[in-house]
$ cat protein21.tsv   # TSV, C-alpha atoms and all ligand atoms
chain	number	residue	atom	x	y	z
A	1	MET	CA	-12.86	17.12	-10.11
A	2	THR	CA	-11.95	13.81	-11.74
A	3	ILE	CA	-9.46	11.50	-10.08
A	4	LEU	CA	-7.78	8.42	-11.54
A	5	VAL	CA	-7.30	5.64	-8.98
A	6	THR	CA	-5.25	2.69	-10.19
A	7	GLY	CA	-5.39	-0.58	-8.27
A	8	ALA	CA	-8.95	0.35	-7.24
A	9	ALA	CA	-9.87	-3.30	-6.59
A	10	GLY	CA	-6.87	-3.61	-4.28
A	11	PHE	CA	-6.87	-3.08	-0.55
A	12	ILE	CA	-5.68	0.53	-0.22
A	13	GLY	CA	-7.10	1.43	-3.65
A	14	MET	CA	-10.62	0.40	-2.70
A	15	HIS	CA	-10.58	2.43	0.50
A	16	VAL	CA	-9.16	5.53	-1.17
A	17	ALA	CA	-11.59	5.27	-4.09
A	18	GLU	CA	-14.52	4.80	-1.74
A	19	ALA	CA	-13.60	7.88	0.30
A	20	LEU	CA	-13.39	9.94	-2.91
A	21	LEU	CA	-16.69	8.57	-4.24
A	22	ALA	CA	-18.45	9.23	-0.94
A	23	ASP	CA	-17.16	12.78	-1.17
A	24	GLY	CA	-18.88	13.16	-4.55
A	25	ARG	CA	-15.75	13.11	-6.72
A	26	GLN	CA	-15.69	11.54	-10.17
A	27	VAL	CA	-13.43	8.47	-10.00
A	28	ILE	CA	-11.87	6.72	-12.98
A	29	ALA	CA	-10.90	3.34	-11.54
A	30	VAL	CA	-8.38	0.99	-13.17
A	31	ASP	CA	-7.50	-2.56	-12.09
A	32	ASN	CA	-6.55	-5.76	-13.91
A	33	LEU	CA	-8.03	-8.06	-11.23
A	34	ASN	CA	-4.96	-10.31	-11.42
A	35	PRO	CA	-4.93	-13.63	-9.54
A	36	TYR	CA	-2.04	-12.86	-7.12
A	37	TYR	CA	-4.64	-13.56	-4.45
A	38	ASP	CA	-8.31	-14.55	-4.49
A	39	VAL	CA	-10.03	-12.65	-7.32
A	40	THR	CA	-13.38	-13.06	-5.54
A	41	LEU	CA	-12.15	-10.62	-2.89
A	42	LYS	CA	-11.08	-8.11	-5.55
A	43	LYS	CA	-14.46	-8.43	-7.28
A	44	ALA	CA	-16.27	-7.94	-3.97
A	45	ARG	CA	-14.28	-4.75	-3.34
A	46	LEU	CA	-15.11	-3.53	-6.84
A	47	ALA	CA	-18.81	-4.34	-6.40
A	48	ARG	CA	-18.80	-2.15	-3.31
A	49	LEU	CA	-17.36	0.76	-5.32
A	50	GLN	CA	-19.80	0.20	-8.17
A	51	LEU	CA	-22.70	1.01	-5.85
A	52	TYR	CA	-21.71	4.63	-6.49
A	53	LYS	CA	-22.85	6.36	-9.67
A	54	ASN	CA	-19.75	8.54	-9.97
A	55	ILE	CA	-17.34	5.71	-10.84
A	56	THR	CA	-16.12	4.57	-14.25
A	57	PHE	CA	-14.20	1.28	-14.13
A	58	TYR	CA	-11.67	-0.09	-16.61
A	59	ASP	CA	-10.50	-3.70	-16.37
A	60	CYS	CA	-7.05	-2.88	-17.66
A	61	ASP	CA	-3.43	-3.86	-17.02
A	62	ILE	CA	-1.30	-0.74	-16.56
A	63	ALA	CA	1.60	-2.51	-18.27
A	64	ASP	CA	-0.56	-2.89	-21.41
A	65	ARG	CA	0.19	0.58	-22.70
A	66	PRO	CA	-2.19	0.64	-25.71
A	67	ALA	CA	-5.09	-0.51	-23.52
A	68	LEU	CA	-4.23	1.97	-20.77
A	69	PHE	CA	-3.87	4.87	-23.19
A	70	ALA	CA	-7.15	3.98	-24.92
A	71	ALA	CA	-8.97	3.98	-21.57
A	72	LEU	CA	-7.41	7.16	-20.23
A	73	GLY	CA	-7.55	8.95	-23.58
A	74	ALA	CA	-11.31	9.13	-23.05
A	75	HIS	CA	-10.78	11.20	-19.89
A	76	PRO	CA	-8.88	14.41	-20.61
A	77	GLU	CA	-10.61	15.86	-17.53
A	78	ILE	CA	-8.44	13.88	-15.06
A	79	SER	CA	-6.76	16.36	-12.70
A	80	LEU	CA	-5.42	14.06	-9.97
A	81	ILE	CA	-3.92	10.56	-9.96
A	82	VAL	CA	-3.59	8.15	-7.05
A	83	HIS	CA	-1.45	5.36	-8.46
A	84	LEU	CA	-1.74	2.28	-6.26
A	85	ALA	CA	-1.71	-0.56	-8.81
A	86	ALA	CA	1.39	-2.66	-8.18
A	87	GLN	CA	2.67	-6.15	-7.59
A	88	ALA	CA	2.88	-6.13	-3.79
A	89	GLY	CA	4.44	-8.59	-1.37
A	90	VAL	CA	8.03	-8.55	-0.16
A	91	ARG	CA	8.89	-12.27	0.03
A	92	HIS	CA	6.87	-13.23	-3.10
A	93	SER	CA	9.29	-11.17	-5.21
A	94	ILE	CA	11.92	-13.86	-4.64
A	95	SER	CA	9.88	-16.49	-6.50
A	96	ARG	CA	8.13	-14.28	-9.11
A	97	PRO	CA	10.62	-11.51	-9.99
A	98	PHE	CA	9.24	-10.73	-13.46
A	99	ASP	CA	5.77	-9.96	-12.08
A	100	TYR	CA	7.44	-7.09	-10.23
A	101	THR	CA	9.27	-5.57	-13.19
A	102	GLN	CA	6.12	-5.93	-15.30
A	103	ALA	CA	3.72	-4.15	-12.93
A	104	ASN	CA	6.07	-1.93	-10.93
A	105	VAL	CA	8.53	-0.80	-13.59
A	106	THR	CA	6.82	-1.17	-17.01
A	107	GLY	CA	3.39	-0.42	-15.52
A	108	PHE	CA	4.72	2.56	-13.57
A	109	LEU	CA	6.32	3.98	-16.71
A	110	SER	CA	2.99	3.65	-18.57
A	111	ILE	CA	1.34	5.72	-15.85
A	112	LEU	CA	4.06	8.38	-16.05
A	113	GLU	CA	3.74	8.51	-19.85
A	114	ALA	CA	-0.03	8.77	-19.57
A	115	ALA	CA	0.36	11.49	-16.93
A	116	ARG	CA	2.51	13.69	-19.09
A	117	GLN	CA	-0.23	13.77	-21.71
A	118	MET	CA	-2.88	14.95	-19.27
A	119	ASP	CA	-3.19	18.70	-19.71
A	120	LYS	CA	-5.23	19.23	-16.55
A	121	LEU	CA	-3.09	17.10	-14.23
A	122	LYS	CA	-2.22	18.85	-10.96
A	123	HIS	CA	-0.72	16.06	-8.84
A	124	LEU	CA	0.28	12.41	-9.08
A	125	VAL	CA	0.48	10.50	-5.78
A	126	TYR	CA	1.93	6.98	-5.92
A	127	ALA	CA	2.65	4.10	-3.56
A	128	SER	CA	6.17	3.45	-2.39
A	129	SER	CA	7.02	1.19	0.53
A	130	SER	CA	8.80	1.02	3.88
A	131	SER	CA	10.78	-1.81	2.31
A	132	VAL	CA	12.97	0.76	0.47
A	133	TYR	CA	14.87	1.23	3.75
A	134	GLY	CA	16.31	-2.27	3.22
A	135	ALA	CA	19.50	-2.92	5.12
A	136	ASN	CA	19.30	0.44	6.89
A	137	ASN	CA	19.13	-0.39	10.61
A	138	LYS	CA	18.85	3.10	12.04
A	139	LEU	CA	15.40	3.49	13.60
A	140	PRO	CA	13.05	5.26	13.17
A	141	TYR	CA	13.33	5.41	9.40
A	142	SER	CA	13.53	8.98	8.17
A	143	VAL	CA	12.93	10.10	4.60
A	144	ASP	CA	16.40	11.64	4.82
A	145	ASP	CA	18.01	8.21	5.39
A	146	ARG	CA	19.81	6.45	2.56
A	147	THR	CA	17.70	3.97	0.62
A	148	ASP	CA	20.24	2.45	-1.71
A	149	SER	CA	20.48	-0.99	-0.11
A	150	PRO	CA	17.21	-2.83	-0.91
A	151	VAL	CA	17.09	-6.46	0.26
A	152	SER	CA	14.31	-7.62	-2.09
A	153	LEU	CA	13.49	-7.01	-5.74
A	154	TYR	CA	10.13	-5.64	-4.56
A	155	ALA	CA	11.95	-2.94	-2.60
A	156	ALA	CA	14.23	-2.25	-5.57
A	157	THR	CA	11.21	-1.69	-7.86
A	158	LYS	CA	9.63	0.67	-5.31
A	159	LYS	CA	12.86	2.64	-5.04
A	160	ALA	CA	12.97	2.68	-8.85
A	161	ASN	CA	9.50	4.25	-8.80
A	162	GLU	CA	10.75	7.09	-6.64
A	163	LEU	CA	13.63	7.74	-9.05
A	164	MET	CA	11.43	7.47	-12.15
A	165	ALA	CA	8.88	9.84	-10.61
A	166	HIS	CA	11.59	12.35	-9.83
A	167	SER	CA	12.87	12.31	-13.39
A	168	TYR	CA	9.38	12.81	-14.90
A	169	SER	CA	8.53	15.49	-12.39
A	170	HIS	CA	11.74	17.29	-13.32
A	171	LEU	CA	11.33	16.85	-17.08
A	172	TYR	CA	7.63	17.63	-17.41
A	173	GLU	CA	7.04	19.75	-14.30
A	174	ILE	CA	4.36	17.45	-12.91
A	175	PRO	CA	3.97	17.64	-9.10
A	176	MET	CA	4.39	14.12	-7.66
A	177	THR	CA	4.44	12.59	-4.17
A	178	GLY	CA	5.59	9.09	-3.23
A	179	LEU	CA	4.15	7.53	-0.07
A	180	ARG	CA	6.19	4.93	1.77
A	181	PHE	CA	3.43	2.86	3.36
A	182	PHE	CA	4.27	0.91	6.52
A	183	THR	CA	2.54	-2.52	6.74
A	184	VAL	CA	-1.04	-1.35	6.20
A	185	TYR	CA	-3.82	-3.51	7.72
A	186	GLY	CA	-7.59	-3.42	8.22
A	187	PRO	CA	-10.95	-4.55	6.84
A	188	TRP	CA	-10.94	-5.64	3.17
A	189	GLY	CA	-7.20	-6.31	3.59
A	190	ARG	CA	-4.78	-8.57	1.76
A	191	PRO	CA	-4.84	-12.38	2.29
A	192	ASP	CA	-1.06	-12.61	1.75
A	193	MET	CA	-0.29	-10.41	4.76
A	194	ALA	CA	0.44	-11.48	8.32
A	195	TYR	CA	-2.79	-10.22	9.98
A	196	TRP	CA	-4.97	-12.17	7.52
A	197	ARG	CA	-2.83	-15.33	7.55
A	198	PHE	CA	-2.59	-15.44	11.34
A	199	THR	CA	-6.34	-14.88	11.83
A	200	GLU	CA	-7.22	-17.51	9.23
A	201	LYS	CA	-4.82	-20.14	10.59
A	202	ILE	CA	-5.74	-19.62	14.23
A	203	MET	CA	-9.45	-19.94	13.40
A	204	ARG	CA	-8.80	-23.14	11.45
A	205	ARG	CA	-6.61	-24.45	14.29
A	206	GLU	CA	-3.69	-24.76	11.86
A	207	PRO	CA	-0.09	-23.87	12.77
A	208	VAL	CA	0.96	-20.25	12.26
A	209	ASP	CA	4.34	-19.68	10.56
A	210	ILE	CA	6.33	-17.07	12.47
A	211	TYR	CA	9.44	-15.80	10.75
A	212	ASN	CA	12.75	-15.02	12.43
A	213	HIS	CA	11.42	-16.93	15.46
A	214	GLY	CA	9.16	-13.94	16.15
A	215	ASP	CA	12.03	-11.50	16.59
A	216	MET	CA	10.46	-8.90	14.27
A	217	MET	CA	9.18	-5.37	14.76
A	218	ARG	CA	6.71	-3.61	12.48
A	219	ASP	CA	5.13	-0.20	12.33
A	220	PHE	CA	1.59	-1.40	11.54
A	221	THR	CA	-0.65	1.28	10.03
A	222	TYR	CA	-4.45	1.15	10.09
A	223	ILE	CA	-6.21	1.67	6.78
A	224	ASP	CA	-8.38	4.63	7.89
A	225	ASP	CA	-5.27	6.53	8.97
A	226	VAL	CA	-3.66	5.73	5.62
A	227	VAL	CA	-6.69	6.99	3.68
A	228	ARG	CA	-6.65	10.28	5.58
A	229	GLY	CA	-2.95	10.61	4.82
A	230	VAL	CA	-3.40	9.89	1.11
A	231	LEU	CA	-6.25	12.39	0.75
A	232	GLY	CA	-4.39	15.05	2.73
A	233	VAL	CA	-1.31	14.66	0.57
A	234	LEU	CA	-3.35	14.62	-2.64
A	235	ALA	CA	-4.75	18.05	-1.80
A	236	ALA	CA	-1.26	19.51	-1.24
A	237	PRO	CA	0.92	19.15	-4.35
A	238	PRO	CA	4.60	19.93	-3.83
A	239	GLU	CA	6.08	22.98	-5.49
A	240	LYS	CA	9.16	23.16	-7.65
A	241	THR	CA	11.99	25.25	-6.25
A	242	VAL	CA	15.20	26.50	-7.83
A	243	ASP	CA	17.01	23.46	-6.41
A	244	THR	CA	14.39	20.71	-6.53
A	245	ALA	CA	11.75	19.22	-8.78
A	246	ALA	CA	8.14	19.22	-7.59
A	247	HIS	CA	8.62	15.74	-6.16
A	248	ARG	CA	8.72	14.60	-2.55
A	249	VAL	CA	8.47	11.41	-0.54
A	250	TYR	CA	6.76	10.84	2.82
A	251	ASN	CA	6.55	7.97	5.29
A	252	ILE	CA	3.00	6.98	6.23
A	253	GLY	CA	3.23	4.92	9.39
A	254	ASN	CA	1.75	4.68	12.85
A	255	ASN	CA	4.97	6.00	14.38
A	256	ARG	CA	5.26	2.95	16.69
A	257	ALA	CA	7.37	-0.18	16.33
A	258	GLU	CA	5.40	-3.17	17.63
A	259	LYS	CA	6.70	-6.65	18.39
A	260	LEU	CA	5.37	-9.34	16.04
A	261	LEU	CA	4.64	-11.61	19.04
A	262	ASP	CA	2.52	-8.87	20.67
A	263	PHE	CA	0.68	-8.50	17.37
A	264	ILE	CA	-0.14	-12.24	17.44
A	265	SER	CA	-1.23	-11.99	21.08
A	266	ILE	CA	-3.78	-9.29	20.20
A	267	ILE	CA	-5.24	-11.50	17.46
A	268	GLU	CA	-5.35	-14.47	19.89
A	269	LYS	CA	-7.07	-12.36	22.54
A	270	THR	CA	-9.59	-11.01	20.03
A	271	LEU	CA	-10.43	-14.51	18.81
A	272	GLY	CA	-10.31	-16.04	22.29
A	273	MET	CA	-8.05	-18.75	20.84
A	274	THR	CA	-4.39	-19.70	21.09
A	275	ALA	CA	-2.12	-19.99	18.05
A	276	GLU	CA	-0.05	-23.09	17.45
A	277	ARG	CA	3.26	-21.36	16.70
A	278	ARG	CA	5.69	-22.75	14.15
A	279	LEU	CA	8.88	-20.75	14.64
A	280	LEU	CA	10.84	-20.40	11.40
A	281	PRO	CA	14.06	-18.64	10.36
A	282	MET	CA	14.25	-15.23	8.71
A	283	GLN	CA	12.90	-15.36	5.15
A	284	PRO	CA	14.92	-14.11	2.15
A	285	GLY	CA	14.04	-10.49	1.32
A	286	ASP	CA	12.51	-9.79	4.74
A	287	ILE	CA	13.37	-6.85	7.01
A	288	GLN	CA	13.75	-7.35	10.75
A	289	ALA	CA	12.28	-4.04	11.94
A	290	THR	CA	10.39	-1.04	10.58
A	291	TYR	CA	9.46	2.17	12.36
A	292	ALA	CA	8.34	5.36	10.61
A	293	ASP	CA	9.49	8.85	11.41
A	294	ILE	CA	6.40	10.79	10.29
A	295	GLU	CA	7.52	14.29	11.26
A	296	PRO	CA	7.61	15.67	7.65
A	297	ILE	CA	4.05	14.58	6.79
A	298	ARG	CA	2.85	15.72	10.20
A	299	ARG	CA	4.43	19.13	9.62
A	300	ASP	CA	3.22	19.55	6.01
A	301	ILE	CA	-0.35	18.24	6.12
A	302	GLY	CA	-1.04	17.69	9.83
A	303	PHE	CA	-1.09	13.87	9.44
A	304	GLU	CA	-1.74	12.18	12.79
A	305	PRO	CA	-2.42	8.42	13.00
A	306	THR	CA	-5.03	7.70	15.66
A	307	THR	CA	-5.55	3.92	15.58
A	308	ARG	CA	-3.69	1.76	18.06
A	309	LEU	CA	-3.07	-1.88	17.11
A	310	GLU	CA	-5.29	-2.94	20.04
A	311	ASP	CA	-8.19	-1.12	18.38
A	312	GLY	CA	-7.43	-1.74	14.70
A	313	LEU	CA	-6.80	-5.50	14.79
A	314	PRO	CA	-10.20	-6.32	16.37
A	315	LYS	CA	-11.83	-4.27	13.60
A	316	PHE	CA	-10.07	-6.44	11.01
A	317	VAL	CA	-11.06	-9.64	12.83
A	318	ALA	CA	-14.73	-8.53	13.05
A	319	TRP	CA	-14.77	-7.75	9.33
A	320	TYR	CA	-13.06	-11.08	8.56
A	321	HIS	CA	-15.77	-13.00	10.48
A	322	ASP	CA	-18.50	-11.27	8.46
A	323	TYR	CA	-16.67	-11.74	5.17
A	324	CYS	CA	-16.22	-15.48	5.78
A	325	LYS	CA	-19.94	-15.87	6.50
A	326	GLU	CA	-20.98	-14.46	3.12
B	1	LIG	C1	3.97	-5.40	3.83
B	1	LIG	C2	3.35	-5.61	2.45
B	1	LIG	O1	3.24	-6.96	2.13
B	1	LIG	C3	4.09	-4.88	1.38
B	1	LIG	O2	3.32	-4.90	0.18
B	1	LIG	C4	4.34	-3.48	1.80
B	1	LIG	O3	5.02	-2.75	0.83
B	1	LIG	C5	5.14	-3.52	3.09
B	1	LIG	O4	4.28	-4.08	4.08
B	1	LIG	C6	5.63	-2.21	3.58
B	1	LIG	O5	5.23	-1.77	4.63
B	1	LIG	O6	6.48	-1.64	2.94
B	1	LIG	P1	5.47	-6.76	5.47
B	1	LIG	O7	5.84	-5.69	6.40
B	1	LIG	O8	6.46	-7.85	5.24
B	1	LIG	O9	5.14	-6.19	4.02
B	1	LIG	O10	4.03	-7.27	5.95
B	1	LIG	P2	3.47	-8.72	6.31
B	1	LIG	O11	3.58	-9.65	5.15
B	1	LIG	O12	2.11	-8.53	6.88
B	1	LIG	O13	4.46	-9.23	7.45
B	1	LIG	C7	4.52	-8.61	8.71
B	1	LIG	C8	5.47	-9.34	9.60
B	1	LIG	O14	4.97	-10.65	9.84
B	1	LIG	C9	6.86	-9.53	9.01
B	1	LIG	O15	7.80	-9.42	10.04
B	1	LIG	C10	6.84	-10.95	8.45
B	1	LIG	O16	8.12	-11.56	8.44
B	1	LIG	C11	5.94	-11.63	9.45
B	1	LIG	N1	5.19	-12.78	8.90
B	1	LIG	C12	4.45	-12.66	7.78
B	1	LIG	C13	5.25	-13.98	9.58
B	1	LIG	O17	5.96	-14.12	10.61
B	1	LIG	N2	4.54	-15.04	9.08
B	1	LIG	C14	3.78	-14.94	7.95
B	1	LIG	O18	3.15	-15.94	7.55
B	1	LIG	C15	3.71	-13.71	7.28
$ encode --input "protein21.tsv" --output "structure tokens" --more "lines below"
Ligand code: UGA
Amino acid sequence: MTILVTGAAGFIGMHVAEALLADGRQVIAVDNLNPYYDVTLKKARLARLQLYKNITFYDCDIADRPALFAALGAHPEISLIVHLAAQAGVRHSISRPFDYTQANVTGFLSILEAARQMDKLKHLVYASSSSVYGANNKLPYSVDDRTDSPVSLYAATKKANELMAHSYSHLYEIPMTGLRFFTVYGPWGRPDMAYWRFTEKIMRREPVDIYNHGDMMRDFTYIDDVVRGVLGVLAAPPEKTVDTAAHRVYNIGNNRAEKLLDFISIIEKTLGMTAERRLLPMQPGDIQATYADIEPIRRDIGFEPTTRLEDGLPKFVAWYHDYCKE
């Protein structure tokens, strides 16, 4: 079985690709190694994947359609796609809006167009985001809630992905599943995210920026739980019915809303250091609280997150210490 993983040098992409490789699957990995954050980290993730013999890597931008089609044209055997390549980051979409349309709209369409030419394709799973819930303030967020009030362009592009996927699933009868990830963290994570920034700043004894004066709640999801969810979903393509296309959307969260200040306290306790807190206002594009209702994914594939923040954050911090030493 051959699986295309896009964004394989990214955080979630590396972990998903590694789980597939370790399981003996053939992985076609695509990533453009863009400099949104330190490329050294992306190359280190890729080097880890390239220890396996069953990987073929293409340094390719998904928005560069001729390059993408040339790479994927060589692999008519692809039967599953995990599409994780994207321009991530909620607040960054305020300053760099065109990066988001390029990767998340044009790039996403390239993947859909490539997918419809794959004769053996059985399922396309792609990354959406908890940010699609936008101005919705009913918690926990359910996949049945309205998601037509995004508060950042990032969220709007992720919602666009869900709509584009639905249309292609309907037109070409390709089973597709969108996963709304909730603030994923863990080893090999993203330097632009709160867990990395806080750990780095506390260790350097620099002030930590805390948005909305700390009055934030997040459903933080540990990477190993996310990988299990992605693989479980991948193995269970949705079916078309008389009323619906073979397209569905799930939340992947930890099913707990945690206070941002408690999150910082766990990092402080793990490091044995105290953060110098710089309390700042709410940032444009940000959401005050997220909390995932995971009942549908629990029911359909038995998804059960098992990692508490108190256990997952120390694992990130331990990895971060080792990574900094290298
Ligand atoms: C994250 C990712 O960045 C998105 O790519 C992803 O789609 C999204 O999760 C999601 O779950 O949908 P976010 O929840 O904003 O977005 O994650 P962080 O950037 O790690 O921020 C977590 C919390 O810490 C937020 O409340 C944020 O306002 C706060 N924060 C972040 C700070 O107080 N200070 C910082 O320096 C950074």
$ residues_near_point --input "protein21.tsv" --point "(-4.8, -12.0, 19.0)" --cutoff "10 Å" --atoms "only C-alpha atoms" --output "list in words"
Tyr195, Phe198, Thr199, Ile202, Leu261, Asp262, Phe263, Ile264, Ser265, Ile266, Ile267, Glu268, Lys269, Thr270, Leu271, Gly272, Met273, Thr274, Ala275, Glu310, Leu313, Pro314 and Val317 of chain A
$ residues_near_ligand --input "protein21.tsv" --ligand "ligand LIG 1 (chain B)" --cutoff "7 Å" --atoms "all atoms listed in the file" --output "ChimeraX atom specification"
/A:88-90,129-131,180-184,192-195,197-198,208-211,214,216-218,260,283,286-288
$ residues_near_point --input "protein21.tsv" --point "(-7.7, 4.0, -2.5)" --cutoff "10 Å" --atoms "only C-alpha atoms" --output "MDAnalysis selection string"
chainID A and resid 5:20 29 82:85 223 226:227 230:231
$ atom_distance --input "protein21.tsv" --atom1 "atom CA of A:Phe108" --atom2 "atom CA of A:Tyr168"
11.3 Å
$ closest_residue --input "protein21.tsv" --among "A:Leu163, A:Tyr291, A:Val132, A:Val30" --to "A:Pro150" --atoms "all atoms listed in the file"
A:Val132
$ atom_distance --input "protein21.tsv" --atom1 "atom CA of A:Ser149" --atom2 "atom CA of A:Gly134"
5.5 Å
$ residues_around --input "protein21.tsv" --residues "A:Val39" --least-positions-apart "6" --cutoff "12 Å" --atoms "all atoms listed in the file" --output "PDB file with C-alpha atoms, in the frame of the given file"
ATOM      1  CA  ALA A   9      -9.870  -3.300  -6.590  1.00  0.00           C
ATOM      2  CA  GLY A  10      -6.870  -3.610  -4.280  1.00  0.00           C
ATOM      3  CA  ASP A  31      -7.500  -2.560 -12.090  1.00  0.00           C
ATOM      4  CA  ASN A  32      -6.550  -5.760 -13.910  1.00  0.00           C
ATOM      5  CA  LEU A  33      -8.030  -8.060 -11.230  1.00  0.00           C
ATOM      6  CA  ARG A  45     -14.280  -4.750  -3.340  1.00  0.00           C
ATOM      7  CA  LEU A  46     -15.110  -3.530  -6.840  1.00  0.00           C
ATOM      8  CA  ARG A 190      -4.780  -8.570   1.760  1.00  0.00           C
ATOM      9  CA  PRO A 191      -4.840 -12.380   2.290  1.00  0.00           C
TER      10      PRO A 191
END
$ atom_distance --input "protein21.tsv" --atom1 "atom CA of A:Arg278" --atom2 "atom CA of A:Met203"
15.4 Å
$ closest_residue --input "protein21.tsv" --among "A:Glu162, A:Glu295, A:Asp119, A:Glu173" --to "A:Thr147" --atoms "all atoms listed in the file"
A:Glu162
$ closest_residue --input "protein21.tsv" --among "A:Trp196, A:Tyr58, A:Tyr141, A:Tyr172" --to "A:Lys240" --atoms "all atoms listed in the file"
A:Tyr172
$ closest_residue --input "protein21.tsv" --among "A:Glu77, A:Asp144, A:Asp64, A:Glu206" --to "A:Leu109" --atoms "all atoms listed in the file"
A:Asp64
$ closest_residue --input "protein21.tsv" --among "A:Thr306, A:Asn137, A:Tyr36, A:Ile297" --to "A:Ala103" --atoms "all atoms listed in the file"
A:Tyr36
$ closest_residue --input "protein21.tsv" --among "A:Leu112, A:Thr307, A:Ile28, A:Lys43" --to "A:Ala71" --atoms "all atoms listed in the file"
A:Ile28
$ residues_around --input "protein21.tsv" --residues "A:Pro305" --least-positions-apart "2" --cutoff "8 Å" --atoms "only C-alpha atoms" --output "PDB file with C-alpha atoms, in the coordinates of the input"
ATOM      1  CA  THR A 221      -0.650   1.280  10.030  1.00  0.00           C
ATOM      2  CA  ASP A 225      -5.270   6.530   8.970  1.00  0.00           C
ATOM      3  CA  VAL A 226      -3.660   5.730   5.620  1.00  0.00           C
ATOM      4  CA  GLY A 253       3.230   4.920   9.390  1.00  0.00           C
ATOM      5  CA  ASN A 254       1.750   4.680  12.850  1.00  0.00           C
ATOM      6  CA  ASN A 255       4.970   6.000  14.380  1.00  0.00           C
ATOM      7  CA  PHE A 303      -1.090  13.870   9.440  1.00  0.00           C
ATOM      8  CA  THR A 307      -5.550   3.920  15.580  1.00  0.00           C
TER       9      THR A 307
END
$ build_atoms --input "protein21.tsv" --residues "stretch 228-240 of chain A" --atoms "N, CA, C and O atoms" --output "PDB file, in the frame of the given file"
ATOM      1  N   ARG A 228      -6.712   8.846   5.243  1.00  0.00           N
ATOM      2  CA  ARG A 228      -6.650  10.280   5.580  1.00  0.00           C
ATOM      3  C   ARG A 228      -5.325  10.881   5.109  1.00  0.00           C
ATOM      4  O   ARG A 228      -5.279  12.006   4.607  1.00  0.00           O
ATOM      5  N   GLY A 229      -4.256  10.126   5.271  1.00  0.00           N
ATOM      6  CA  GLY A 229      -2.950  10.610   4.820  1.00  0.00           C
ATOM      7  C   GLY A 229      -2.902  10.794   3.310  1.00  0.00           C
ATOM      8  O   GLY A 229      -2.444  11.821   2.807  1.00  0.00           O
ATOM      9  N   VAL A 230      -3.421   9.814   2.581  1.00  0.00           N
ATOM     10  CA  VAL A 230      -3.400   9.890   1.110  1.00  0.00           C
ATOM     11  C   VAL A 230      -4.206  11.104   0.638  1.00  0.00           C
ATOM     12  O   VAL A 230      -3.753  11.881  -0.213  1.00  0.00           O
ATOM     13  N   LEU A 231      -5.398  11.285   1.208  1.00  0.00           N
ATOM     14  CA  LEU A 231      -6.250  12.390   0.750  1.00  0.00           C
ATOM     15  C   LEU A 231      -5.653  13.744   1.130  1.00  0.00           C
ATOM     16  O   LEU A 231      -5.722  14.708   0.358  1.00  0.00           O
ATOM     17  N   GLY A 232      -5.041  13.809   2.302  1.00  0.00           N
ATOM     18  CA  GLY A 232      -4.390  15.050   2.730  1.00  0.00           C
ATOM     19  C   GLY A 232      -3.241  15.421   1.812  1.00  0.00           C
ATOM     20  O   GLY A 232      -3.102  16.571   1.381  1.00  0.00           O
ATOM     21  N   VAL A 233      -2.450  14.439   1.460  1.00  0.00           N
ATOM     22  CA  VAL A 233      -1.310  14.660   0.570  1.00  0.00           C
ATOM     23  C   VAL A 233      -1.790  15.064  -0.827  1.00  0.00           C
ATOM     24  O   VAL A 233      -1.251  15.979  -1.461  1.00  0.00           O
ATOM     25  N   LEU A 234      -2.835  14.363  -1.290  1.00  0.00           N
ATOM     26  CA  LEU A 234      -3.350  14.620  -2.640  1.00  0.00           C
ATOM     27  C   LEU A 234      -3.744  16.092  -2.809  1.00  0.00           C
ATOM     28  O   LEU A 234      -3.542  16.683  -3.872  1.00  0.00           O
ATOM     29  N   ALA A 235      -4.280  16.662  -1.749  1.00  0.00           N
ATOM     30  CA  ALA A 235      -4.750  18.050  -1.800  1.00  0.00           C
ATOM     31  C   ALA A 235      -3.616  19.060  -1.664  1.00  0.00           C
ATOM     32  O   ALA A 235      -3.861  20.271  -1.716  1.00  0.00           O
ATOM     33  N   ALA A 236      -2.382  18.590  -1.484  1.00  0.00           N
ATOM     34  CA  ALA A 236      -1.260  19.510  -1.240  1.00  0.00           C
ATOM     35  C   ALA A 236      -0.077  19.174  -2.143  1.00  0.00           C
ATOM     36  O   ALA A 236       0.930  18.632  -1.688  1.00  0.00           O
ATOM     37  N   PRO A 237      -0.191  19.496  -3.441  1.00  0.00           N
ATOM     38  CA  PRO A 237       0.920  19.150  -4.350  1.00  0.00           C
ATOM     39  C   PRO A 237       2.204  19.898  -3.985  1.00  0.00           C
ATOM     40  O   PRO A 237       2.131  21.051  -3.562  1.00  0.00           O
ATOM     41  N   PRO A 238       3.340  19.242  -4.139  1.00  0.00           N
ATOM     42  CA  PRO A 238       4.600  19.930  -3.830  1.00  0.00           C
ATOM     43  C   PRO A 238       4.915  20.982  -4.899  1.00  0.00           C
ATOM     44  O   PRO A 238       4.428  20.883  -6.026  1.00  0.00           O
ATOM     45  N   GLU A 239       5.716  21.951  -4.513  1.00  0.00           N
ATOM     46  CA  GLU A 239       6.080  22.980  -5.490  1.00  0.00           C
ATOM     47  C   GLU A 239       7.536  22.828  -5.893  1.00  0.00           C
ATOM     48  O   GLU A 239       8.377  22.454  -5.082  1.00  0.00           O
ATOM     49  N   LYS A 240       7.794  23.164  -7.129  1.00  0.00           N
ATOM     50  CA  LYS A 240       9.160  23.160  -7.650  1.00  0.00           C
ATOM     51  C   LYS A 240       9.903  24.331  -7.019  1.00  0.00           C
ATOM     52  O   LYS A 240       9.313  25.381  -6.788  1.00  0.00           O
TER      53      LYS A 240
END
